[in-house]
file input-v1.cif (mmCIF, C-alpha atoms and all ligand atoms)
data_run
loop_
_atom_site.label_atom_id
_atom_site.label_comp_id
_atom_site.auth_asym_id
_atom_site.auth_seq_id
_atom_site.Cartn_x
_atom_site.Cartn_y
_atom_site.Cartn_z
CA LEU A 23 8.19 -37.38 0.58
CA THR A 24 8.08 -37.26 -3.19
CA PRO A 25 7.08 -33.98 -4.89
CA LYS A 26 3.83 -35.69 -5.91
CA GLU A 27 3.00 -36.56 -2.30
CA VAL A 28 3.66 -32.95 -1.28
CA VAL A 29 1.34 -31.70 -4.02
CA GLN A 30 -1.27 -34.26 -2.95
CA ALA A 31 -1.16 -33.06 0.67
CA TYR A 32 -1.64 -29.39 -0.25
CA TRP A 33 -4.18 -30.14 -2.98
CA GLU A 34 -6.34 -32.05 -0.49
CA ARG A 35 -6.07 -29.27 2.09
CA VAL A 36 -7.18 -26.73 -0.51
CA GLN A 37 -10.16 -28.93 -1.49
CA ARG A 38 -11.18 -29.25 2.14
CA LEU A 39 -10.55 -25.74 3.47
CA ASP A 40 -10.64 -23.29 0.59
CA PRO A 41 -14.39 -23.42 -0.14
CA SER A 42 -14.95 -21.50 3.10
CA LEU A 43 -11.74 -19.40 2.89
CA GLY A 44 -11.73 -18.25 -0.74
CA ALA A 45 -7.96 -17.88 -1.08
CA PHE A 46 -7.65 -19.41 -4.57
CA LEU A 47 -9.15 -18.31 -7.89
CA THR A 48 -7.58 -21.06 -10.00
CA LEU A 49 -5.77 -24.31 -9.25
CA ASN A 50 -2.96 -25.46 -11.53
CA GLU A 51 -4.18 -28.81 -12.91
CA ALA A 52 -0.80 -29.24 -14.62
CA VAL A 53 1.03 -29.32 -11.27
CA TRP A 54 0.68 -33.13 -11.04
CA GLU A 55 2.44 -33.60 -14.34
CA GLU A 56 5.07 -31.02 -13.36
CA ALA A 57 5.68 -32.84 -10.06
CA ALA A 58 6.01 -36.18 -11.82
CA ARG A 59 8.82 -35.05 -14.10
CA LEU A 60 10.65 -32.86 -11.58
CA ASP A 61 14.43 -33.12 -11.20
CA PRO A 62 14.84 -33.89 -7.45
CA ALA A 63 18.33 -32.35 -7.45
CA LEU A 64 17.00 -28.83 -8.02
CA PRO A 65 17.35 -26.46 -5.01
CA LEU A 66 13.60 -25.81 -4.67
CA ALA A 67 12.47 -29.25 -5.83
CA GLY A 68 8.94 -29.86 -4.59
CA VAL A 69 8.46 -26.47 -2.91
CA VAL A 70 4.80 -25.65 -3.44
CA VAL A 71 4.07 -21.97 -4.17
CA ALA A 72 0.80 -20.03 -4.44
CA VAL A 73 0.96 -17.06 -6.82
CA LYS A 74 -1.09 -13.87 -6.68
CA ASP A 75 -3.32 -13.70 -9.72
CA ASN A 76 -1.84 -10.49 -11.11
CA ILE A 77 1.42 -12.32 -11.84
CA ALA A 78 1.45 -13.92 -15.28
CA THR A 79 1.71 -17.70 -15.41
CA LYS A 80 2.19 -19.18 -18.86
CA GLY A 81 -0.75 -21.38 -19.83
CA LEU A 82 -2.52 -20.77 -16.50
CA ARG A 83 -5.41 -18.31 -16.25
CA THR A 84 -4.40 -14.92 -14.81
CA THR A 85 -7.32 -12.62 -13.99
CA ALA A 86 -5.85 -9.81 -11.84
CA GLY A 87 -9.13 -10.21 -9.92
CA SER A 88 -10.95 -8.50 -12.79
CA ARG A 89 -13.85 -9.33 -15.12
CA LEU A 90 -11.74 -7.71 -17.86
CA LEU A 91 -9.24 -10.57 -17.68
CA GLU A 92 -11.63 -13.28 -16.53
CA ASN A 93 -10.55 -15.67 -19.31
CA PHE A 94 -7.00 -14.43 -19.95
CA VAL A 95 -4.42 -17.20 -20.31
CA PRO A 96 -0.98 -15.56 -20.66
CA PRO A 97 1.28 -16.81 -23.43
CA TYR A 98 4.26 -15.71 -21.32
CA GLU A 99 5.63 -16.24 -17.82
CA ALA A 100 6.56 -13.63 -15.22
CA THR A 101 10.31 -13.69 -14.57
CA ALA A 102 9.76 -14.30 -10.83
CA VAL A 103 7.66 -17.39 -11.61
CA ALA A 104 10.03 -18.59 -14.34
CA ARG A 105 12.97 -18.41 -11.91
CA LEU A 106 11.12 -20.31 -9.18
CA LYS A 107 10.03 -23.01 -11.61
CA ALA A 108 13.53 -23.32 -13.06
CA ARG A 109 14.71 -24.15 -9.54
CA GLY A 110 12.09 -26.83 -9.02
CA ALA A 111 9.20 -24.95 -7.40
CA LEU A 112 5.67 -26.15 -8.15
CA ILE A 113 2.90 -23.61 -8.73
CA LEU A 114 -0.19 -24.85 -6.89
CA GLY A 115 -2.57 -22.14 -8.04
CA LYS A 116 -3.46 -18.48 -8.34
CA THR A 117 -4.68 -16.47 -5.37
CA ASN A 118 -7.43 -13.92 -4.94
CA LEU A 119 -6.80 -10.17 -4.84
CA ASP A 120 -8.46 -6.78 -5.03
CA GLU A 121 -9.06 -5.99 -8.71
CA PHE A 122 -5.70 -4.97 -10.25
CA GLY A 123 -4.31 -4.71 -6.70
CA MET A 124 -6.54 -1.79 -5.77
CA GLY A 125 -7.65 -2.26 -2.21
CA SER A 126 -6.68 -3.22 1.32
CA SER A 127 -9.10 -6.05 2.08
CA THR A 128 -9.51 -8.34 -1.01
CA GLU A 129 -13.19 -7.33 -0.97
CA HIS A 130 -12.67 -5.54 -4.30
CA SER A 131 -12.03 -8.85 -6.09
CA ALA A 132 -14.52 -9.16 -8.95
CA PHE A 133 -15.13 -12.79 -7.91
CA PHE A 134 -15.51 -13.18 -4.13
CA PRO A 135 -13.88 -11.90 -0.94
CA THR A 136 -11.27 -13.93 0.92
CA LYS A 137 -11.80 -14.55 4.65
CA ASN A 138 -9.24 -14.13 7.40
CA PRO A 139 -8.15 -17.61 8.63
CA PHE A 140 -8.10 -16.34 12.23
CA ASP A 141 -11.69 -15.03 12.06
CA PRO A 142 -14.02 -15.70 9.11
CA GLY A 143 -15.93 -12.48 9.87
CA ARG A 144 -12.84 -10.41 9.11
CA VAL A 145 -10.75 -9.53 6.06
CA PRO A 146 -7.31 -11.05 5.43
CA GLY A 147 -6.02 -7.65 4.27
CA GLY A 148 -5.22 -6.80 0.70
CA SER A 149 -4.61 -6.65 -2.01
CA SER A 150 -2.59 -9.90 -1.67
CA GLY A 151 -5.24 -11.30 0.70
CA GLY A 152 -5.50 -14.64 -1.07
CA SER A 153 -1.75 -15.25 -0.80
CA ALA A 154 -1.68 -14.24 2.88
CA ALA A 155 -4.69 -16.40 3.77
CA ALA A 156 -3.28 -19.37 1.84
CA VAL A 157 0.02 -19.21 3.73
CA ALA A 158 -1.64 -18.56 7.10
CA ALA A 159 -4.02 -21.53 6.67
CA ASP A 160 -1.18 -23.72 5.37
CA LEU A 161 -2.78 -24.22 1.98
CA ALA A 162 0.71 -23.48 0.67
CA PRO A 163 3.99 -23.05 2.57
CA VAL A 164 4.93 -19.88 0.66
CA ALA A 165 3.32 -17.44 -1.75
CA LEU A 166 4.04 -14.53 -4.04
CA GLY A 167 2.24 -11.23 -3.64
CA SER A 168 2.70 -7.77 -5.08
CA ASP A 169 3.10 -4.57 -3.12
CA THR A 170 2.37 -1.13 -4.57
CA GLY A 171 1.41 0.66 -1.35
CA GLY A 172 1.40 -2.17 1.18
CA SER A 173 -0.29 -5.09 -0.49
CA VAL A 174 2.22 -7.69 0.70
CA ARG A 175 2.90 -6.24 4.15
CA GLN A 176 -0.62 -5.35 5.29
CA PRO A 177 -2.20 -8.75 4.49
CA ALA A 178 0.86 -10.43 6.04
CA ALA A 179 0.19 -8.45 9.23
CA PHE A 180 -3.56 -9.20 9.25
CA SER A 181 -2.91 -12.90 8.66
CA GLY A 182 0.01 -13.48 11.03
CA VAL A 183 2.72 -14.26 8.45
CA TYR A 184 5.92 -12.64 7.15
CA GLY A 185 5.79 -10.44 4.06
CA LEU A 186 8.62 -8.62 2.29
CA LYS A 187 8.38 -5.69 -0.09
CA PRO A 188 11.84 -5.64 -1.65
CA THR A 189 13.72 -2.51 -2.67
CA TYR A 190 12.06 -1.22 -5.86
CA GLY A 191 13.77 -3.11 -8.68
CA ARG A 192 15.19 -6.07 -6.79
CA VAL A 193 12.60 -8.45 -8.22
CA SER A 194 11.78 -8.14 -11.90
CA ARG A 195 8.32 -6.77 -12.70
CA TYR A 196 8.23 -8.56 -16.04
CA GLY A 197 4.87 -10.35 -16.11
CA LEU A 198 3.39 -8.43 -13.18
CA ILE A 199 0.16 -6.85 -14.41
CA ALA A 200 0.84 -3.14 -13.96
CA TYR A 201 -1.02 -1.07 -11.36
CA ALA A 202 1.37 1.84 -10.63
CA SER A 203 4.65 1.03 -12.34
CA SER A 204 6.93 3.30 -10.29
CA LEU A 205 5.75 1.57 -7.09
CA ASP A 206 4.88 -2.04 -8.01
CA GLN A 207 7.10 -4.80 -6.57
CA ILE A 208 6.65 -8.55 -6.34
CA GLY A 209 7.37 -9.88 -2.85
CA PRO A 210 7.25 -13.19 -0.94
CA LEU A 211 4.94 -14.22 1.94
CA ALA A 212 5.90 -17.08 4.26
CA ARG A 213 5.64 -18.45 7.77
CA SER A 214 9.37 -18.08 8.46
CA VAL A 215 12.21 -15.70 7.66
CA ARG A 216 14.25 -18.53 6.13
CA ASP A 217 11.48 -19.29 3.66
CA LEU A 218 11.46 -15.64 2.56
CA ALA A 219 15.21 -15.87 2.00
CA LEU A 220 14.83 -19.05 -0.05
CA LEU A 221 12.37 -17.35 -2.41
CA MET A 222 14.33 -14.10 -2.66
CA ASP A 223 17.58 -15.88 -3.54
CA ALA A 224 15.71 -17.66 -6.33
CA MET A 225 13.76 -14.64 -7.68
CA ALA A 226 15.80 -11.48 -7.21
CA GLY A 227 18.50 -10.06 -9.46
CA PRO A 228 18.76 -8.19 -12.73
CA ASP A 229 16.48 -9.10 -15.63
CA PRO A 230 16.95 -7.88 -19.21
CA LEU A 231 13.15 -7.93 -19.57
CA ASP A 232 12.69 -5.21 -16.89
CA ALA A 233 14.72 -2.05 -17.44
CA THR A 234 14.09 -0.96 -13.82
CA SER A 235 15.46 -4.18 -12.33
CA LEU A 236 18.59 -3.67 -10.21
CA ASP A 237 21.96 -5.25 -10.66
CA LEU A 238 22.11 -6.34 -7.02
CA PRO A 239 22.76 -10.07 -6.70
CA PRO A 240 20.66 -11.60 -3.88
CA ARG A 241 22.53 -12.99 -0.89
CA PHE A 242 19.72 -13.64 1.55
CA GLN A 243 20.53 -17.13 2.89
CA GLU A 244 24.21 -16.22 3.11
CA ALA A 245 23.34 -13.09 5.12
CA LEU A 246 21.21 -15.10 7.56
CA ALA A 247 24.23 -17.22 8.46
CA GLU A 248 26.26 -14.19 9.56
CA PRO A 249 26.18 -12.89 13.17
CA LEU A 250 24.18 -9.73 13.79
CA PRO A 251 26.43 -6.62 13.84
CA PRO A 252 25.70 -3.80 16.31
CA LEU A 253 22.80 -1.90 14.75
CA ARG A 254 20.89 1.27 15.57
CA LEU A 255 17.12 1.00 15.39
CA GLY A 256 14.97 4.12 14.99
CA VAL A 257 11.36 4.05 16.15
CA VAL A 258 9.03 6.31 14.19
CA ARG A 259 6.15 7.68 16.26
CA GLU A 260 5.71 11.29 15.25
CA GLY A 261 2.30 12.11 13.85
CA LEU A 262 1.28 8.50 14.07
CA GLY A 263 -1.23 8.28 16.88
CA GLY A 264 -4.40 6.24 17.12
CA ASN A 265 -2.96 2.74 17.30
CA SER A 266 -5.00 0.01 18.96
CA PRO A 267 -3.79 -1.16 22.41
CA GLY A 268 -2.55 -4.46 20.93
CA VAL A 269 -0.38 -2.64 18.38
CA GLU A 270 1.11 -0.39 21.10
CA ARG A 271 1.80 -3.46 23.27
CA ALA A 272 3.43 -5.28 20.35
CA LEU A 273 5.63 -2.25 19.64
CA GLU A 274 6.78 -1.96 23.28
CA GLY A 275 7.38 -5.72 23.44
CA ALA A 276 9.40 -5.74 20.24
CA LEU A 277 11.54 -2.82 21.38
CA LYS A 278 12.49 -4.77 24.52
CA VAL A 279 13.37 -7.82 22.44
CA PHE A 280 15.49 -5.76 20.03
CA GLN A 281 17.29 -4.09 22.94
CA GLY A 282 17.91 -7.53 24.42
CA LEU A 283 19.46 -8.53 21.09
CA GLY A 284 21.96 -5.69 21.45
CA LEU A 285 20.34 -3.13 19.14
CA GLU A 286 20.61 0.50 20.13
CA VAL A 287 17.11 1.99 20.15
CA ALA A 288 16.29 5.67 19.54
CA GLU A 289 13.15 7.66 18.73
CA VAL A 290 13.45 9.38 15.38
CA SER A 291 11.26 11.61 13.29
CA TRP A 292 10.29 11.23 9.64
CA PRO A 293 8.33 14.48 9.37
CA SER A 294 6.67 13.89 5.98
CA LEU A 295 5.49 10.35 6.69
CA PRO A 296 1.98 11.27 7.94
CA LEU A 297 1.34 13.00 4.58
CA ALA A 298 2.58 10.11 2.44
CA LEU A 299 -0.95 8.78 2.13
CA ASN A 300 -2.14 11.95 0.39
CA ALA A 301 0.66 11.80 -2.17
CA TYR A 302 0.22 8.05 -2.70
CA TYR A 303 -3.49 8.40 -3.52
CA ILE A 304 -2.61 10.95 -6.21
CA LEU A 305 0.40 9.21 -7.74
CA ALA A 306 -0.92 5.62 -7.72
CA PRO A 307 -4.27 6.45 -9.40
CA ALA A 308 -2.46 8.68 -11.92
CA GLU A 309 -0.22 5.82 -13.00
CA ALA A 310 -3.13 3.38 -12.85
CA SER A 311 -5.30 5.48 -15.15
CA SER A 312 -2.52 5.34 -17.73
CA ASN A 313 -1.77 1.62 -17.25
CA LEU A 314 -5.44 0.63 -17.47
CA ALA A 315 -6.04 2.54 -20.71
CA ARG A 316 -5.04 -0.62 -22.59
CA TYR A 317 -8.18 -2.51 -21.51
CA ASP A 318 -10.39 -1.21 -24.30
CA GLY A 319 -11.51 -4.48 -25.86
CA THR A 320 -9.43 -3.99 -29.00
CA LEU A 321 -6.26 -5.87 -28.07
CA TYR A 322 -6.89 -8.58 -25.49
CA GLY A 323 -9.02 -9.49 -22.53
CA TYR A 324 -12.79 -9.21 -22.44
CA ARG A 325 -14.44 -7.52 -25.42
CA ALA A 326 -18.08 -6.43 -25.48
CA GLU A 327 -20.30 -7.34 -28.47
CA GLY A 328 -20.85 -4.74 -31.14
CA GLU A 329 -19.82 -3.29 -34.47
CA GLU A 330 -18.97 0.35 -33.74
CA LEU A 331 -15.63 0.97 -32.01
CA TRP A 332 -16.65 3.47 -29.36
CA PRO A 333 -19.69 1.61 -27.96
CA VAL A 334 -17.52 -1.54 -27.75
CA VAL A 335 -14.83 0.33 -25.82
CA GLU A 336 -17.41 1.84 -23.47
CA ALA A 337 -19.21 -1.44 -22.83
CA THR A 338 -15.90 -3.24 -22.29
CA ARG A 339 -14.63 -0.70 -19.78
CA ALA A 340 -17.99 -0.72 -18.00
CA ARG A 341 -16.85 -4.10 -16.67
CA PHE A 342 -14.28 -2.51 -14.36
CA GLY A 343 -15.34 -2.65 -10.72
CA LEU A 344 -16.41 0.47 -8.85
CA GLU A 345 -13.09 1.01 -7.08
CA VAL A 346 -11.11 0.69 -10.32
CA LYS A 347 -13.40 3.23 -12.00
CA ARG A 348 -12.91 5.57 -9.06
CA ARG A 349 -9.11 5.32 -9.41
CA ILE A 350 -9.30 5.98 -13.16
CA LEU A 351 -11.42 9.09 -12.51
CA VAL A 352 -9.06 10.38 -9.83
CA GLY A 353 -6.03 9.57 -11.97
CA THR A 354 -7.26 11.31 -15.11
CA PHE A 355 -8.40 14.27 -13.02
CA VAL A 356 -5.03 14.87 -11.34
CA LEU A 357 -3.20 14.51 -14.66
CA GLN A 358 -5.34 16.86 -16.71
CA SER A 359 -3.86 20.17 -17.79
CA GLY A 360 -4.77 22.94 -15.40
CA TYR A 361 -4.73 20.55 -12.41
CA TYR A 362 -1.47 18.73 -13.11
CA GLU A 363 0.75 21.22 -11.28
CA ALA A 364 -1.64 21.49 -8.35
CA TYR A 365 -1.85 17.72 -7.77
CA TYR A 366 0.48 15.39 -9.67
CA GLY A 367 3.40 17.83 -9.78
CA ARG A 368 3.16 18.58 -6.07
CA ALA A 369 2.79 14.92 -5.15
CA GLN A 370 5.96 14.17 -7.09
CA ALA A 371 7.83 16.98 -5.34
CA PHE A 372 6.58 15.60 -2.03
CA ARG A 373 7.81 12.14 -2.97
CA ARG A 374 11.32 13.52 -3.54
CA ARG A 375 11.23 15.20 -0.12
CA LEU A 376 10.03 12.05 1.63
CA LYS A 377 12.86 10.12 0.00
CA ALA A 378 15.46 12.73 1.00
CA GLU A 379 14.23 12.66 4.61
CA ALA A 380 14.53 8.88 4.68
CA LYS A 381 18.05 9.10 3.33
CA ALA A 382 19.01 11.55 6.05
CA LEU A 383 17.39 9.35 8.71
CA PHE A 384 19.50 6.42 7.61
CA GLN A 385 22.61 8.44 8.42
CA GLU A 386 21.50 8.26 12.07
CA VAL A 387 20.07 4.75 12.27
CA ASP A 388 20.43 1.45 10.38
CA LEU A 389 16.78 0.39 10.53
CA LEU A 390 13.37 1.88 11.19
CA LEU A 391 10.58 0.24 13.16
CA LEU A 392 6.89 1.12 12.96
CA PRO A 393 3.60 -0.74 12.98
CA THR A 394 2.46 -2.30 9.70
CA THR A 395 -1.13 -1.28 10.41
CA PRO A 396 -2.74 0.84 13.17
CA HIS A 397 -4.92 -2.10 14.29
CA PRO A 398 -5.52 -5.79 13.55
CA ALA A 399 -7.82 -7.13 10.80
CA PHE A 400 -11.14 -5.25 10.44
CA PRO A 401 -14.56 -6.85 9.82
CA LEU A 402 -15.71 -7.79 6.30
CA GLY A 403 -17.74 -4.83 5.05
CA GLY A 404 -16.21 -2.67 7.78
CA ARG A 405 -14.71 -0.04 5.46
CA GLN A 406 -17.50 1.07 3.13
CA ASP A 407 -16.18 4.63 2.85
CA PRO A 408 -13.34 4.57 0.29
CA LEU A 409 -11.36 7.12 2.31
CA ALA A 410 -11.58 4.90 5.40
CA MET A 411 -10.17 2.05 3.28
CA TYR A 412 -7.36 4.30 2.02
CA ARG A 413 -6.45 5.31 5.57
CA GLU A 414 -5.63 1.66 6.31
CA ASP A 415 -2.41 2.18 4.31
CA LEU A 416 -1.04 4.97 6.54
CA TYR A 417 2.08 3.06 7.61
CA THR A 418 2.88 1.14 4.44
CA VAL A 419 2.92 3.77 1.67
CA GLY A 420 6.05 5.54 3.02
CA ALA A 421 8.42 2.72 2.07
CA SER A 422 6.63 2.39 -1.27
CA LEU A 423 7.06 6.04 -2.26
CA ALA A 424 10.67 6.04 -1.07
CA GLY A 425 11.42 2.77 -2.91
CA LEU A 426 12.78 1.24 0.31
CA PRO A 427 12.71 -2.40 1.40
CA ALA A 428 10.21 -3.17 4.18
CA LEU A 429 9.33 -6.34 6.03
CA SER A 430 6.20 -7.08 8.05
CA PHE A 431 6.73 -9.67 10.78
CA PRO A 432 4.30 -11.24 13.27
CA ALA A 433 4.75 -9.58 16.66
CA GLY A 434 1.86 -10.71 18.84
CA PHE A 435 -1.90 -10.85 19.09
CA GLU A 436 -4.82 -8.67 20.08
CA GLY A 437 -7.37 -11.21 21.25
CA ASN A 438 -7.29 -13.90 18.58
CA LEU A 439 -6.07 -11.52 15.86
CA PRO A 440 -2.43 -11.29 14.77
CA ILE A 441 -0.45 -8.03 14.90
CA GLY A 442 2.35 -7.20 12.47
CA LEU A 443 5.20 -4.73 12.83
CA GLN A 444 7.33 -3.32 10.08
CA LEU A 445 11.08 -2.91 9.64
CA LEU A 446 12.51 -0.59 6.99
CA ALA A 447 16.10 -0.57 5.75
CA PRO A 448 18.14 1.71 3.51
CA TRP A 449 17.86 1.27 -0.25
CA GLY A 450 19.22 -2.12 -1.37
CA GLN A 451 19.71 -3.43 2.19
CA ASP A 452 16.86 -5.96 2.06
CA GLU A 453 19.06 -8.68 3.55
CA ARG A 454 19.45 -6.64 6.75
CA LEU A 455 15.70 -6.79 7.36
CA LEU A 456 15.70 -10.57 7.29
CA ARG A 457 18.72 -10.84 9.57
CA VAL A 458 17.05 -8.76 12.26
CA ALA A 459 13.69 -10.46 11.86
CA LEU A 460 15.37 -13.86 12.16
CA ALA A 461 16.98 -12.80 15.44
CA PHE A 462 13.52 -11.68 16.64
CA GLU A 463 11.90 -14.96 15.52
N1 LIG A 501 -4.19 -0.50 -0.62
C1 LIG A 501 -3.34 0.19 -1.53
C2 LIG A 501 -4.10 0.59 -2.77
O1 LIG A 501 -5.25 0.27 -2.86
C3 LIG A 501 -2.13 -0.65 -1.89
C4 LIG A 501 -2.43 -1.72 -2.85
C5 LIG A 501 -1.22 -2.44 -3.33
O2 LIG A 501 -0.15 -2.36 -2.73
N2 LIG A 501 -1.37 -3.13 -4.45
O3 LIG A 501 -3.60 1.22 -3.65
#
call {"tool": "encode", "arguments": {"input": "input-v1.cif", "output": "structure tokens"}}
result
Amino acid sequence: LTPKEVVQAYWERVQRLDPSLGAFLTLNEAVWEEAARLDPALPLAGVVVAVKDNIATKGLRTTAGSRLLENFVPPYEATAVARLKARGALILGKTNLDEFGMGSSTEHSAFFPTKNPFDPGRVPGGSSGGSAAAVAADLAPVALGSDTGGSVRQPAAFSGVYGLKPTYGRVSRYGLIAYASSLDQIGPLARSVRDLALLMDAMAGPDPLDATSLDLPPRFQEALAEPLPPLRLGVVREGLGGNSPGVERALEGALKVFQGLGLEVAEVSWPSLPLALNAYYILAPAEASSNLARYDGTLYGYRAEGEELWPVVEATRARFGLEVKRRILVGTFVLQSGYYEAYYGRAQAFRRRLKAEAKALFQEVDLLLLPTTPHPAFPLGGRQDPLAMYREDLYTVGASLAGLPALSFPAGFEGNLPIGLQLLAPWGQDERLLRVALAFE
């Protein structure tokens, strides 16, 4: 197949299937031209990639799922995208998301919700729901998402695909539209472990444009070729009840498989994990309220009509969706003097404790296993109460706050709905996650 024929095949599938799925916000019309002049010797030549629409693509509209950036065409390219393109990847289009990444269902997109490919009455998860649905429905073989508190892993679980949140800093955040900067990470979604490795080897590594990027050279494909060493796997259960029967079955089944692969399995406790959600929903909105202050209509993005500065700023910011406004209110509240110590300060202290506990745990075991979500995909409109939506992130925010790498892998079904489980590794040991998941695959 020529790169052009590959593009043609995916383009036609998108035309046929996406009107009912809603995975894409924008298609890259330039991809034909890019395919035509592609160097076939490049390592990713002709690999078609869908990119979450909060990742800047030069010359291609990038909305972050928001009315504020509805017509924003970035004059710059995210490092992750630049590195994929330099190796021959073709960007097919930009995928739907919860506005600025704030949500767990993709229903908070300012444009339209994305449907779950396994059941059109259910959500694909979020906020990278468009990327997960696109990969699950084979509208693209691989996709990029971003994960602040679970947004790669949870939609991967709901949509039956693999999703990796790398160690904080392994993939450059340059060009990722900021939600909560101390948590945000770009991560790949794919239908196989090897495809994740292919993307990570291309994207990861230090970047002078992101001061928090790590000097850890990626060696994912190399690691997959090595035999699995004897590893100790810790199962986290404490304080984490209320899983659906399918999730419990998947967990038991996976433990048997891992034991069969020679892993030593033990129950462990991560005492602070059940409280991670509380800290996350203080810290993430706090950072978001600061990051979103820039959308005031004076620099870029949508600008309301008017002469006087303040009415223009107000009318511009009125365009934020309800959930974004809620996060800004919570964020400014927990940061204001008089409340700072009671909320933000304590949440930060908690974050340090959670991290220290994880570090101690990884003296006993080499990996942690827990569900990605307490149940499979929920119905569209099924989480009207914002707190009920937040509770969906119970299992994913721990790795985010601790900065640890975490991988969601498909581990069975409940009825016709996929179930995902999650592996966590020590800081910087992302490759280990893929090795174990490959053995499971
Ligand atoms: N659902 C979480 C939130 O709304 C996580 C989102 C994300 O990882 N971008 O904050």
call {"tool": "residues_near_ligand", "arguments": {"input": "input-v1.cif", "ligand": "ligand LIG 501 (chain A)", "cutoff": "7 Å", "atoms": "only C-alpha atoms and all ligand atoms", "output": "VMD selection string"}}
result
chain A and resid 123 to 126 148 to 149 168 to 174 306 412 415
call {"tool": "closest_atom_pairs", "arguments": {"input": "input-v1.cif", "of": "range 87-114 of chain A", "to": "range 211-230 of chain A", "cutoff": "9 Å", "atoms": "only C-alpha atoms", "output": "tab-separated table"}}
result
residue	atom	partner	partner_atom	distance
A:Thr101	CA	A:Asp229	CA	7.8
A:Ala102	CA	A:Met225	CA	5.1
A:Val103	CA	A:Met225	CA	7.8
A:Ala104	CA	A:Met225	CA	8.6
A:Arg105	CA	A:Met225	CA	5.7
A:Leu106	CA	A:Ala224	CA	6.0
A:Arg109	CA	A:Ala224	CA	7.3
call {"tool": "atom_distance", "arguments": {"input": "input-v1.cif", "atom1": "CA of Gly197 in chain A", "atom2": "CA of Val145 in chain A"}}
result
27.1 Å
call {"tool": "closest_residue", "arguments": {"input": "input-v1.cif", "among": "A:Gly110, A:Gly152, A:Gly191, A:Pro307", "to": "Ile350 in chain A", "atoms": "all atoms listed in the file"}}
result
A:Pro307
call {"tool": "closest_atom_pairs", "arguments": {"input": "input-v1.cif", "of": "range 377-397 of chain A", "to": "range 249-261 of chain A", "cutoff": "6 Å", "atoms": "all atoms listed in the file", "output": "CSV"}}
result
residue,atom,partner,partner_atom,distance
A:Val387,CA,A:Arg254,CA,4.9
A:Asp388,CA,A:Arg254,CA,5.2
A:Leu389,CA,A:Leu255,CA,4.9
A:Leu390,CA,A:Gly256,CA,4.7
A:Leu391,CA,A:Val257,CA,4.9
A:Leu392,CA,A:Val258,CA,5.7
